[in-house]
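Shown next: structure_34.pdb, containing PDB, C-alpha atoms.
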```
ATOM      1  CA  MET A 105       8.328 -11.766  -2.338  1.00  0.00           C
ATOM      2  CA  LYS A 106       5.834 -10.490   0.203  1.00  0.00           C
ATOM      3  CA  VAL A 107       5.191  -6.745   0.334  1.00  0.00           C
ATOM      4  CA  LEU A 108       3.371  -5.303   3.333  1.00  0.00           C
ATOM      5  CA  PHE A 109       1.569  -1.996   2.868  1.00  0.00           C
ATOM      6  CA  MET A 110       1.132  -0.423   6.268  1.00  0.00           C
ATOM      7  CA  CYS A 111      -0.931   2.512   7.461  1.00  0.00           C
ATOM      8  CA  THR A 112      -2.485   3.527  10.733  1.00  0.00           C
ATOM      9  CA  ALA A 113      -6.101   2.322  10.365  1.00  0.00           C
ATOM     10  CA  ASN A 114      -5.728  -0.221   7.515  1.00  0.00           C
ATOM     11  CA  SER A 115      -9.027   0.937   6.092  1.00  0.00           C
ATOM     12  CA  CYS A 116      -8.116   3.035   3.064  1.00  0.00           C
ATOM     13  CA  ARG A 117      -4.632   3.677   1.599  1.00  0.00           C
ATOM     14  CA  SER A 118      -2.988   0.425   2.678  1.00  0.00           C
ATOM     15  CA  ILE A 119      -6.043  -1.552   1.558  1.00  0.00           C
ATOM     16  CA  LEU A 120      -6.067   0.223  -1.817  1.00  0.00           C
ATOM     17  CA  SER A 121      -2.327  -0.493  -2.163  1.00  0.00           C
ATOM     18  CA  GLU A 122      -2.720  -4.189  -1.321  1.00  0.00           C
ATOM     19  CA  ALA A 123      -5.532  -4.601  -3.836  1.00  0.00           C
ATOM     20  CA  VAL A 124      -3.843  -2.696  -6.674  1.00  0.00           C
ATOM     21  CA  PHE A 125      -0.513  -4.461  -6.162  1.00  0.00           C
ATOM     22  CA  ASN A 126      -2.139  -7.898  -6.222  1.00  0.00           C
ATOM     23  CA  HIS A 127      -4.184  -6.907  -9.272  1.00  0.00           C
ATOM     24  CA  LEU A 128      -1.003  -6.024 -11.172  1.00  0.00           C
ATOM     25  CA  ALA A 129       1.401  -8.617  -9.755  1.00  0.00           C
ATOM     26  CA  SER A 130       1.963 -12.259 -10.443  1.00  0.00           C
ATOM     27  CA  PRO A 131       3.855 -14.848  -8.389  1.00  0.00           C
ATOM     28  CA  PRO A 132       6.233 -14.709  -6.678  1.00  0.00           C
ATOM     29  CA  PHE A 133       4.967 -11.245  -5.722  1.00  0.00           C
ATOM     30  CA  VAL A 134       2.119 -10.841  -3.261  1.00  0.00           C
ATOM     31  CA  ALA A 135       0.919  -7.917  -1.176  1.00  0.00           C
ATOM     32  CA  VAL A 136      -0.759  -7.794   2.193  1.00  0.00           C
ATOM     33  CA  SER A 137      -1.708  -4.829   4.336  1.00  0.00           C
ATOM     34  CA  SER A 138      -2.001  -3.961   7.990  1.00  0.00           C
ATOM     35  CA  GLY A 139      -2.478  -1.098  10.381  1.00  0.00           C
ATOM     36  CA  SER A 140      -0.605  -0.045  13.465  1.00  0.00           C
ATOM     37  CA  PHE A 141      -3.998   0.799  14.999  1.00  0.00           C
ATOM     38  CA  PRO A 142      -6.469  -1.036  12.720  1.00  0.00           C
ATOM     39  CA  LYS A 143      -9.959   0.386  12.413  1.00  0.00           C
ATOM     40  CA  GLY A 144     -11.423  -3.095  12.119  1.00  0.00           C
ATOM     41  CA  GLN A 145     -13.311  -2.365   8.915  1.00  0.00           C
ATOM     42  CA  VAL A 146     -12.490  -1.248   5.403  1.00  0.00           C
ATOM     43  CA  LEU A 147     -14.030   2.056   4.383  1.00  0.00           C
ATOM     44  CA  PRO A 148     -16.943   1.468   2.004  1.00  0.00           C
ATOM     45  CA  GLN A 149     -15.576   4.146  -0.356  1.00  0.00           C
ATOM     46  CA  SER A 150     -12.290   2.202  -0.607  1.00  0.00           C
ATOM     47  CA  LEU A 151     -14.171  -0.903  -1.702  1.00  0.00           C
ATOM     48  CA  GLN A 152     -16.381   1.078  -4.081  1.00  0.00           C
ATOM     49  CA  THR A 153     -13.350   2.711  -5.701  1.00  0.00           C
ATOM     50  CA  LEU A 154     -11.713  -0.673  -6.235  1.00  0.00           C
ATOM     51  CA  ARG A 155     -14.884  -2.203  -7.678  1.00  0.00           C
ATOM     52  CA  GLU A 156     -15.297   0.713 -10.093  1.00  0.00           C
ATOM     53  CA  ALA A 157     -11.712   0.092 -11.256  1.00  0.00           C
ATOM     54  CA  ASN A 158     -12.493  -3.635 -11.735  1.00  0.00           C
ATOM     55  CA  ILE A 159     -10.083  -4.641  -8.969  1.00  0.00           C
ATOM     56  CA  ALA A 160     -11.046  -7.569  -6.743  1.00  0.00           C
ATOM     57  CA  VAL A 161     -12.068  -6.788  -3.172  1.00  0.00           C
ATOM     58  CA  GLU A 162     -12.531 -10.345  -1.923  1.00  0.00           C
ATOM     59  CA  GLY A 163     -10.454 -11.111   1.144  1.00  0.00           C
ATOM     60  CA  LEU A 164      -9.700  -7.488   2.017  1.00  0.00           C
ATOM     61  CA  TYR A 165     -10.106  -6.725   5.705  1.00  0.00           C
ATOM     62  CA  SER A 166      -8.637  -4.401   8.314  1.00  0.00           C
ATOM     63  CA  LYS A 167      -5.973  -6.117  10.434  1.00  0.00           C
ATOM     64  CA  GLY A 168      -3.069  -5.322  12.719  1.00  0.00           C
ATOM     65  CA  ASN A 169       0.634  -5.967  12.313  1.00  0.00           C
ATOM     66  CA  ASP A 170       0.435  -9.027  14.559  1.00  0.00           C
ATOM     67  CA  ALA A 171      -1.286 -10.860  11.692  1.00  0.00           C
ATOM     68  CA  PHE A 172       2.165 -11.273  10.127  1.00  0.00           C
ATOM     69  CA  ALA A 173       4.189 -12.268  13.189  1.00  0.00           C
ATOM     70  CA  ASP A 174       4.649 -15.812  11.842  1.00  0.00           C
ATOM     71  CA  SER A 175       5.067 -14.780   8.205  1.00  0.00           C
ATOM     72  CA  PRO A 176       7.099 -11.578   8.034  1.00  0.00           C
ATOM     73  CA  PRO A 177       7.211  -9.539   4.840  1.00  0.00           C
ATOM     74  CA  ASP A 178      10.273  -8.971   2.688  1.00  0.00           C
ATOM     75  CA  ILE A 179       9.414  -5.299   2.191  1.00  0.00           C
ATOM     76  CA  VAL A 180       7.363  -2.955   4.398  1.00  0.00           C
ATOM     77  CA  ILE A 181       5.958   0.146   2.719  1.00  0.00           C
ATOM     78  CA  THR A 182       4.209   2.751   4.843  1.00  0.00           C
ATOM     79  CA  VAL A 183       1.632   4.754   2.939  1.00  0.00           C
ATOM     80  CA  CYS A 184       0.489   7.400   5.385  1.00  0.00           C
ATOM     81  CA  ASP A 185       2.330  10.117   7.226  1.00  0.00           C
ATOM     82  CA  ASN A 186       1.293   8.766  10.623  1.00  0.00           C
ATOM     83  CA  ALA A 187       2.884   5.384   9.986  1.00  0.00           C
ATOM     84  CA  ALA A 188       6.091   6.869   8.599  1.00  0.00           C
ATOM     85  CA  GLY A 189       7.359   7.809  12.035  1.00  0.00           C
ATOM     86  CA  GLU A 190       6.385   4.593  13.738  1.00  0.00           C
ATOM     87  CA  ALA A 191       8.900   1.865  14.333  1.00  0.00           C
ATOM     88  CA  CYS A 192       8.213  -1.319  12.425  1.00  0.00           C
ATOM     89  CA  PRO A 193       7.699  -4.190  14.843  1.00  0.00           C
ATOM     90  CA  VAL A 194      10.726  -6.334  15.606  1.00  0.00           C
ATOM     91  CA  TYR A 195       9.273  -9.358  13.825  1.00  0.00           C
ATOM     92  CA  PHE A 196       9.604  -7.508  10.522  1.00  0.00           C
ATOM     93  CA  GLY A 197      13.282  -8.234  11.048  1.00  0.00           C
ATOM     94  CA  THR A 198      15.412  -7.620   8.003  1.00  0.00           C
ATOM     95  CA  ALA A 199      12.567  -6.424   5.773  1.00  0.00           C
ATOM     96  CA  LEU A 200      13.433  -3.441   3.618  1.00  0.00           C
ATOM     97  CA  LYS A 201      11.399  -0.424   4.645  1.00  0.00           C
ATOM     98  CA  ALA A 202      10.194   2.488   2.530  1.00  0.00           C
ATOM     99  CA  HIS A 203       7.684   5.306   2.833  1.00  0.00           C
ATOM    100  CA  TRP A 204       5.272   5.990  -0.027  1.00  0.00           C
ATOM    101  CA  GLY A 205       3.223   8.715   1.655  1.00  0.00           C
ATOM    102  CA  LEU A 206      -0.252   9.420   0.340  1.00  0.00           C
ATOM    103  CA  ALA A 207      -2.779  12.062   1.325  1.00  0.00           C
ATOM    104  CA  ASP A 208      -5.803  10.450   2.946  1.00  0.00           C
ATOM    105  CA  PRO A 209      -8.730  10.649   0.514  1.00  0.00           C
ATOM    106  CA  SER A 210     -11.134   9.779   3.329  1.00  0.00           C
ATOM    107  CA  HIS A 211     -10.455  13.220   4.835  1.00  0.00           C
ATOM    108  CA  VAL A 212     -11.790  14.969   1.735  1.00  0.00           C
ATOM    109  CA  SER A 213     -15.145  16.603   2.332  1.00  0.00           C
ATOM    110  CA  GLY A 214     -17.478  17.796  -0.351  1.00  0.00           C
ATOM    111  CA  SER A 215     -19.811  16.300  -2.871  1.00  0.00           C
ATOM    112  CA  ALA A 216     -19.865  12.598  -3.692  1.00  0.00           C
ATOM    113  CA  GLU A 217     -18.073  13.460  -6.932  1.00  0.00           C
ATOM    114  CA  GLU A 218     -15.295  15.307  -5.091  1.00  0.00           C
ATOM    115  CA  VAL A 219     -14.781  12.436  -2.647  1.00  0.00           C
ATOM    116  CA  SER A 220     -14.791   9.916  -5.498  1.00  0.00           C
ATOM    117  CA  ALA A 221     -12.252  12.036  -7.393  1.00  0.00           C
ATOM    118  CA  ALA A 222      -9.946  12.071  -4.348  1.00  0.00           C
ATOM    119  CA  PHE A 223     -10.104   8.288  -4.027  1.00  0.00           C
ATOM    120  CA  ASN A 224      -9.500   7.848  -7.770  1.00  0.00           C
ATOM    121  CA  ALA A 225      -6.506  10.209  -7.662  1.00  0.00           C
ATOM    122  CA  THR A 226      -5.017   8.192  -4.798  1.00  0.00           C
ATOM    123  CA  LEU A 227      -5.654   4.973  -6.696  1.00  0.00           C
ATOM    124  CA  ALA A 228      -3.839   6.407  -9.749  1.00  0.00           C
ATOM    125  CA  ILE A 229      -0.746   7.229  -7.675  1.00  0.00           C
ATOM    126  CA  ILE A 230      -0.758   3.765  -6.122  1.00  0.00           C
ATOM    127  CA  GLU A 231      -1.085   2.160  -9.538  1.00  0.00           C
ATOM    128  CA  ARG A 232       1.858   4.103 -10.941  1.00  0.00           C
ATOM    129  CA  ARG A 233       4.039   3.227  -7.965  1.00  0.00           C
ATOM    130  CA  CYS A 234       3.105  -0.456  -8.085  1.00  0.00           C
ATOM    131  CA  GLN A 235       3.815  -0.577 -11.821  1.00  0.00           C
ATOM    132  CA  ALA A 236       7.224   1.014 -11.227  1.00  0.00           C
ATOM    133  CA  PHE A 237       7.956  -1.494  -8.453  1.00  0.00           C
ATOM    134  CA  LEU A 238       6.971  -4.485 -10.565  1.00  0.00           C
ATOM    135  CA  ALA A 239       9.075  -3.222 -13.489  1.00  0.00           C
ATOM    136  CA  LEU A 240      12.281  -3.244 -11.407  1.00  0.00           C
ATOM    137  CA  PRO A 241      15.063  -5.592 -12.569  1.00  0.00           C
ATOM    138  CA  PHE A 242      15.088  -7.564  -9.297  1.00  0.00           C
ATOM    139  CA  SER A 243      17.668 -10.084 -10.486  1.00  0.00           C
ATOM    140  CA  THR A 244      20.254  -7.325 -10.903  1.00  0.00           C
ATOM    141  CA  LEU A 245      19.501  -5.232  -7.812  1.00  0.00           C
ATOM    142  CA  ASP A 246      21.453  -5.663  -4.601  1.00  0.00           C
ATOM    143  CA  ARG A 247      19.819  -4.733  -1.297  1.00  0.00           C
ATOM    144  CA  ALA A 248      21.116  -1.136  -1.286  1.00  0.00           C
ATOM    145  CA  SER A 249      20.022  -0.560  -4.879  1.00  0.00           C
ATOM    146  CA  LEU A 250      16.572  -1.978  -4.184  1.00  0.00           C
ATOM    147  CA  GLN A 251      16.281   0.305  -1.148  1.00  0.00           C
ATOM    148  CA  ALA A 252      17.194   3.303  -3.309  1.00  0.00           C
ATOM    149  CA  GLU A 253      14.607   2.297  -5.926  1.00  0.00           C
ATOM    150  CA  LEU A 254      11.902   1.894  -3.275  1.00  0.00           C
ATOM    151  CA  THR A 255      12.662   5.383  -2.003  1.00  0.00           C
ATOM    152  CA  ARG A 256      12.566   6.808  -5.537  1.00  0.00           C
ATOM    153  CA  ILE A 257       9.249   5.115  -6.316  1.00  0.00           C
ATOM    154  CA  GLY A 258       7.749   6.716  -3.207  1.00  0.00           C
ATOM    155  CA  THR A 259       8.144  10.121  -4.854  1.00  0.00           C
ATOM    156  CA  LEU A 260       6.214   9.245  -8.019  1.00  0.00           C
ATOM    157  CA  ARG A 261       2.907  10.955  -8.586  1.00  0.00           C
ATOM    158  CA  ALA A 262       0.084   9.911 -10.915  1.00  0.00           C
ATOM    159  CA  GLN A 263       0.824  10.168 -14.601  1.00  0.00           C
ATOM    160  CA  GLU A 264      -0.404  13.402 -15.978  1.00  0.00           C
TER     161      GLU A 264
END
```
Taking this structure as input, can you express it in the form of structure tokens?
Amino acid sequence: MKVLFMCTANSCRSILSEAVFNHLASPPFVAVSSGSFPKGQVLPQSLQTLREANIAVEGLYSKGNDAFADSPPDIVITVCDNAAGEACPVYFGTALKAHWGLADPSHVSGSAEEVSAAFNATLAIIERRCQAFLALPFSTLDRASLQAELTRIGTLRAQE
């Protein structure tokens, strides 16, 4: 099952989501990410946050939705408010769609510690949501039930 995490720039939240999901998942699950208006580079702080969490960064790069035209995802999850209102491209076809909105940690200003804390908080939310997704009883969920679960997972915050 291919899960596409989509954001506007594909440089921070969608990249973090792709990396965390793949870190936690095993086949047949795989995550990819894209941006509706890709920045063309991953933010260095995104990569640093992943490295500090011992999550692989190899192969992560900023790309557009057209990268998946020949290999559409099964599920499309938008992770930023900008992408939530955008229409998924036609070639995503019958993919289930959900919104797991996240505040953009790259907009946090302050000390290096404050910026790092914002990225780590975002990573914690992503991890909790990915764990909840991967714990779903897929063999017993019909399409409507899976859609409902995806929506529910999008409301989860980091464990306190």
Minimum-distance residue to Arg232 of chain A, chosen among A:Ser215, A:Thr244, A:Gln145, A:Ser121 (using only C-alpha atoms) =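 For Arg232 of chain A, the nearest of the given residues is A:Ser121.
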Using all atoms listed in the file, which residue out of A:Ala216, A:Ala123, A:Ser243, A:Pro177 lies closest to Leu151 of chain A?
-> A:Ala123
Shortest interatomic distance to Phe172 of chain A - which of A:Met110, A:Ala228, A:Ala222, A:Leu154, counting all atoms listed in the file =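 Nearest candidate to Phe172 of chain A out of A:Met110, A:Ala228, A:Ala222, A:Leu154: A:Met110.
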For Val161 of chain A, please output as a ChimeraX atom specification all residues within 12 Å (counting all atoms listed in the file; exclusion window: fewer than 4 positions along the same chain).
-> /A:119-124,126-127,146-157,165
So, counting only C-alpha atoms, which residue among A:Gly168, A:Pro241, A:Gly197, A:Pro209 is closest to Ala221 of chain A?
->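 Checking each candidate against Ala221 of chain A, we get A:Pro209 as the closest.
Here atom CA of Ser130 of chain A and atom CA of Ser210 of chain A stand 29.1 Å from one another.
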Could you state which residues are captured by the PyMOL selection byres ((chain A and resi 139) around 6) in this file, as a ChimeraX atom specification?
-> /A:110-114,138,140-142,168
Could those selected residues go to a file with C-alpha atoms, as a PDB file, in the coordinates of the input?
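Output contents, as saved in selection_2.pdb:
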```pdb
ATOM      1  CA  MET A 110       1.132  -0.423   6.268  1.00  0.00           C
ATOM      2  CA  CYS A 111      -0.931   2.512   7.461  1.00  0.00           C
ATOM      3  CA  THR A 112      -2.485   3.527  10.733  1.00  0.00           C
ATOM      4  CA  ALA A 113      -6.101   2.322  10.365  1.00  0.00           C
ATOM      5  CA  ASN A 114      -5.728  -0.221   7.515  1.00  0.00           C
ATOM      6  CA  SER A 138      -2.001  -3.961   7.990  1.00  0.00           C
ATOM      7  CA  SER A 140      -0.605  -0.045  13.465  1.00  0.00           C
ATOM      8  CA  PHE A 141      -3.998   0.799  14.999  1.00  0.00           C
ATOM      9  CA  PRO A 142      -6.469  -1.036  12.720  1.00  0.00           C
ATOM     10  CA  GLY A 168      -3.069  -5.322  12.719  1.00  0.00           C
TER      11      GLY A 168
END
```
Write out as number ranges by chain each polymer residue whose atoms come within 10 Å of Thr198 of chain A, counting all atoms listed in the file; drop sequence neighbours fewer than 5 positions from it.
-> A: 176-180
Cys184 of chain A: which residues within 9 Å, counting only C-alpha atoms, same-chain residues fewer than 2 positions away excluded, as a ChimeraX atom specification?
-> /A:110-112,117-118,182,186-188,203-208
Coordinates-based distance that separates atom CA of Leu108 of chain A from atom CA of Ala199 of chain A (Å, one decimal) =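 Interatomic distance, atom CA of Ala199 of chain A to atom CA of Leu108 of chain A: 9.6 Å.
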Gap from atom CA of Gln263 of chain A to atom CA of Cys234 of chain A - Å, one decimal = 12.7 Å
Which residue out of A:Gly214, A:Arg256, A:Ala262, A:Leu128 has the minimum interatomic distance to Ala202 of chain A when only C-alpha atoms are used?
-> A:Arg256
Among listed residues A:Met105, A:Ile257, A:Asp170, A:Glu217, nearest Phe133 of chain A (using all atoms listed in the file) = A:Met105
As lines of an AutoDock Vina configuration file, what would the box around segment 222-234 of chain A look like: edges along x, y and z, 8 Å added on every side, centre and edge lengths in Å to one decimal?
```
center_x = -3.0
center_y = 5.8
center_z = -7.5
size_x = 30.1
size_y = 28.5
size_z = 22.9
```
Result set, the PyMOL selection byres ((chain A and resi 237) around 10) on current file, as a PyMOL selection string = chain A and resi 125+129+231-236+238-242+250+253-254+256-258
Step by step, work through what the PyMOL selection byres ((chain A and resi 136) around 7) selects in the shown file, and finish by giving those residues as a PDB file with C-alpha atoms, in the coordinates of the input.
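Okay, result-v2.pdb is ready:
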```pdb
ATOM      1  CA  VAL A 107       5.191  -6.745   0.334  1.00  0.00           C
ATOM      2  CA  LEU A 108       3.371  -5.303   3.333  1.00  0.00           C
ATOM      3  CA  PHE A 109       1.569  -1.996   2.868  1.00  0.00           C
ATOM      4  CA  GLU A 122      -2.720  -4.189  -1.321  1.00  0.00           C
ATOM      5  CA  VAL A 134       2.119 -10.841  -3.261  1.00  0.00           C
ATOM      6  CA  ALA A 135       0.919  -7.917  -1.176  1.00  0.00           C
ATOM      7  CA  SER A 137      -1.708  -4.829   4.336  1.00  0.00           C
TER       8      SER A 137
END
```
